[in-house]
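Asker: One structure, pasted below without further comment.
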Amino acid sequence: MAEPTTPTDAELDEYILFTLGMLGIDISVLPVLDPDALVDQSDVLSACRNRIRQNLQVLEFELDPQYHLATYYASPQAAWTARRSK
Amino acid sequence: MTDLKTDLPDSKSEELPSTDYETLDARVDRRAFIARMGALGAAGVALAQLPPVPARAAGYSGSSLPKVAVRPEVFADPTEATIAEATTLIARKQLKPSELTEAYLERIRLYDTDYWQAYYTVLADESRAIAAKLDRAYKPVGLLHGVSVPVKDNFYTKNVLTSAQSLIFADFVPDVDASAVARIKAAGGIVLGKLQMGPLAGGRPRNPATGEVTTRNAWSPDDPGPSPSGSSGGSGCCTAARLATCSLGTQTGGSITGPGQSNGLTALKPTHGLCSVFGVIPLTITRDHIGPLARDAMDAAIVTSVIAGPAPEDLRTLNLPRLPNLIGAATPVVWKGRVAPRWRLKVGVPAGFADGTSATALARTAMLDVLADIGYEIVPVTLPDEYVLLNGGAFNVSSTERGEMDYQYLREDVRLFGDRLTGWVSALFIDGPTANKGLRCRQRAYDLAYSELWTQCDVIFSTTGFDALGFPLCTLPIGFAPNAAGIELPISTTLGGPSFGEEKILSVIAAFQAATNYHLRRPPNPTIGLARAGDPRVPRIRMNARSVDAEIEATALA
């Protein structure tokens, strides 16, 4: 099994900007780095990098596919399935 | 911390309740959990032996207007009244809806625009017209007859601006009411206005274009420093500052319980699905909740009884069990002159909850002593490590929903999102497999709660995972302490329960409030002439993406 690579911030930034470009989302209208701004490009890239790095932690968590279904609404589903299982 | 009440009002039950029936949560979720285990052959439970699930019916189960003893101070100032007190006086023809409405409008005129700034829009003329009609009603229209219940600005209000305090919806005027707004009106409630909020339901209320904070903490009318918390900060300030009797807020990650705690309120986030979120501008649709920010457990029960129940326009609310009698659950029990538990429950306390010598720790210790004295069993609880992990930030994949729903606005101009942008753009980088895995982990966390958490206790002083899993939560004030600037602020905490466990939570809080006075304290009025909004002597507080994200994270963990 191959080990995941560990991209640098610069590599991730390139990936993020490329992806946003493909989606038609333009963050170049924001200042690059401005502590006085509501938000700048640096904030956006940092948040995206954090999220991308978290994805692996989620994917690596082991779960039995027979047991744990994807659940959007856990509490209502509990009531719904209880009714069905009568 | 010896603020105990000795003059118990005469409105409480003088009999211990029957214990031959289970609270709703016991009939639903344990059954669902056991059924799942049984179906998988892990528990070997005979499904035929499980108790029946109540048939589906309209939400409100038919309690009548609660008649309560009205405190003397209410006669001097009707804005002091709780919902129960106000409707009691109105039913007795001792107070008119128009008088109550005018009293609130006068406080708004005096104090809101220049000081508290809880309201985004005040619907004065519309409210006066409705109040005049209610004055002429032969009998109460419903549980909220004549009571003001303004709503956060992300609730659709027909023909009224609904901006979510955001540049995206700056001109949005819906042509329908949200389910909850329609139900408040149908119950005789008066939607006195729209309340300030954190833009797009995140962080304390502020100007979306500048980041400058608006709403003040109700307990700090002369100083914008202390946060009312977010994102339902306007709702929290409004109820606590007596600018309305109650208010509605929304919660995706602490946005009802945060302002409930900061403003010293009894704020209830009901079980997911119990109340329709149709007509609420979505933040994260699988975690979005609505609920009341109230002054006590009874008021929280009354409003939830009104807004809960199946709504054809929101499929999540359908085929759920019949809403139990929350008003009954929130009615304290007095047995031989002492407050007693309605149900004998185990109250869970996580490690470290009351450790140390801080004012918060001392208030928590005193609260636990009161609960123990009432008759609750206080039990130490360990949150399962895996449960905590699965409810951590990495596994919160719900934000991918907002990346999808608001994609067109991201393409239009990212600046429309202001300081909230990072949460939307980063959501685009939750890939499909990760999102699906996160949703499977949600079920795993839910099952862990039932196999390892709710086996230890019936209710718990914790919020971990409660928004994603849809468990109910309710705040309560438990003390007061000055901050570094000497401003007396509430100390509050939050009690949670299993799905559909509102009865348990409300019964515990009602018992605590019957034995203490913290929920009866009200904030001081602003000092007229001092510290007006916009005055150059008043510190201007600006937020940005970094400070907003930090505040949101702290609120979600509170």
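Within each chain, counting starts at residue 1; across the structure tokens, chains are named A, B, ... in the order shown, with ligands numbered 1 upward in that order.
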Need the shell around Leu520 (chain B): protein/DNA/RNA residues with any atom at most 9 Å away, counting only C-alpha atoms. Skip same-chain ones fewer than 3 positions apart. Format as a ChimeraX atom specification?

Answerer: /B:295-296,513,516-517

Asker: Store the residues picked out above in a file with C-alpha atoms, as a PDB file, in the first residue's frame.

Answerer:
```pdb
ATOM      1  CA  ARG B 295     -36.826  33.520  30.003  1.00  0.00           C
ATOM      2  CA  ASP B 296     -37.613  30.235  31.680  1.00  0.00           C
ATOM      3  CA  GLN B 513     -35.583  27.302  38.395  1.00  0.00           C
ATOM      4  CA  THR B 516     -33.428  29.362  42.452  1.00  0.00           C
ATOM      5  CA  ASN B 517     -33.785  32.939  41.249  1.00  0.00           C
TER       6      ASN B 517
END
```

Asker: Which of region 99-277 of chain B counts as alpha helix (DSSP H) under DSSP, as a count of residues only please?

Answerer: 43

Asker: Work out how far apart CA of Ser247 (chain B) and CA of Ser98 (chain B) are and give it in Å to one decimal.

Answerer: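 If I compute the distance from CA of Ser247 (chain B) to CA of Ser98 (chain B), I get 18.3 Å.
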
Asker: Residues of chain A were defined as contacting chain B if any atom lay at most 9 Å from it, counting only C-alpha atoms; please report them as a PyMOL selection string.

Answerer: chain A and resi 16+19-20+23-27+29-30+35-40+43-59+61+63+65+67-83+85-86

Asker: Excluding Gly202 (chain B) and residues on its chain fewer than 6 positions from it, collect all residues at most 7 Å away from it, counting only C-alpha atoms, and give them as a ChimeraX atom specification.

Answerer: /B:230-231,552

Asker: Just how far from CA of Glu73 (chain B) is CA of Thr87 (chain B), in Å to one decimal?

Answerer: 15.6 Å

Asker: Produce a table with one row for each residue of region 234-334 of chain B that has an atom at most 12 Å from any atom of region 358-377 of chain B, each row naming the nearest atom pair and its distance in Å at one decimal; use only C-alpha atoms; arrange rows by chain and rising residue number; format as CSV.

Answerer:
```
residue,atom,partner,partner_atom,distance
B:Pro332,CA,B:Ile374,CA,11.1
B:Val333,CA,B:Ile374,CA,10.2
B:Val334,CA,B:Ile374,CA,10.0
```

Asker: So what do you get for CA of Ala449 (chain B) versus CA of Val306 (chain B), distance-wise?

Answerer: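 Answer for the CA of Ala449 (chain B) to CA of Val306 (chain B) separation: 29.0 Å.
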
Asker: As a PDB file with C-alpha atoms, in the first residue's frame, please: the residues near region 169-179 of chain B (cut-off 6 Å, only C-alpha atoms, same-chain neighbours under 3 positions excluded).

Answerer:
```pdb
ATOM      1  CA  PHE B 155     -36.745  33.457   8.995  1.00  0.00           C
ATOM      2  CA  TYR B 156     -38.885  34.167   5.936  1.00  0.00           C
ATOM      3  CA  THR B 157     -41.479  36.802   6.768  1.00  0.00           C
ATOM      4  CA  LYS B 158     -44.045  37.498   4.079  1.00  0.00           C
ATOM      5  CA  ASN B 159     -43.532  40.897   2.438  1.00  0.00           C
ATOM      6  CA  VAL B 160     -40.830  41.808   4.970  1.00  0.00           C
ATOM      7  CA  LEU B 161     -37.110  42.069   4.214  1.00  0.00           C
ATOM      8  CA  THR B 162     -35.289  38.862   5.153  1.00  0.00           C
ATOM      9  CA  SER B 163     -31.579  39.448   4.734  1.00  0.00           C
ATOM     10  CA  SER B 166     -25.965  39.327   4.464  1.00  0.00           C
ATOM     11  CA  ALA B 182     -46.928  31.135  10.411  1.00  0.00           C
ATOM     12  CA  PHE B 278     -38.904  25.474   6.005  1.00  0.00           C
ATOM     13  CA  GLY B 279     -38.495  29.147   5.269  1.00  0.00           C
TER      14      GLY B 279
END
```

Asker: Tell me which of B:Thr527, B:Ser255, B:Thr82, B:Ser276 sits closest to Ile307 (chain B), counting only C-alpha atoms.

Answerer: B:Ser276

Asker: Looking at only C-alpha atoms, which of B:Arg532, B:Arg242, B:Arg216, B:Lys67 is the one that sits closest to Ile108 (chain B)?

Answerer: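 The closest residue to Ile108 (chain B) is B:Arg242.
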
Asker: Between B:Leu383, B:Cys237, B:Ala531, B:Ile378, single out the one closest to Leu195 (chain B), counting only C-alpha atoms.

Answerer: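 Comparing B:Leu383, B:Cys237, B:Ala531, B:Ile378 against Leu195 (chain B), the winner is B:Cys237.
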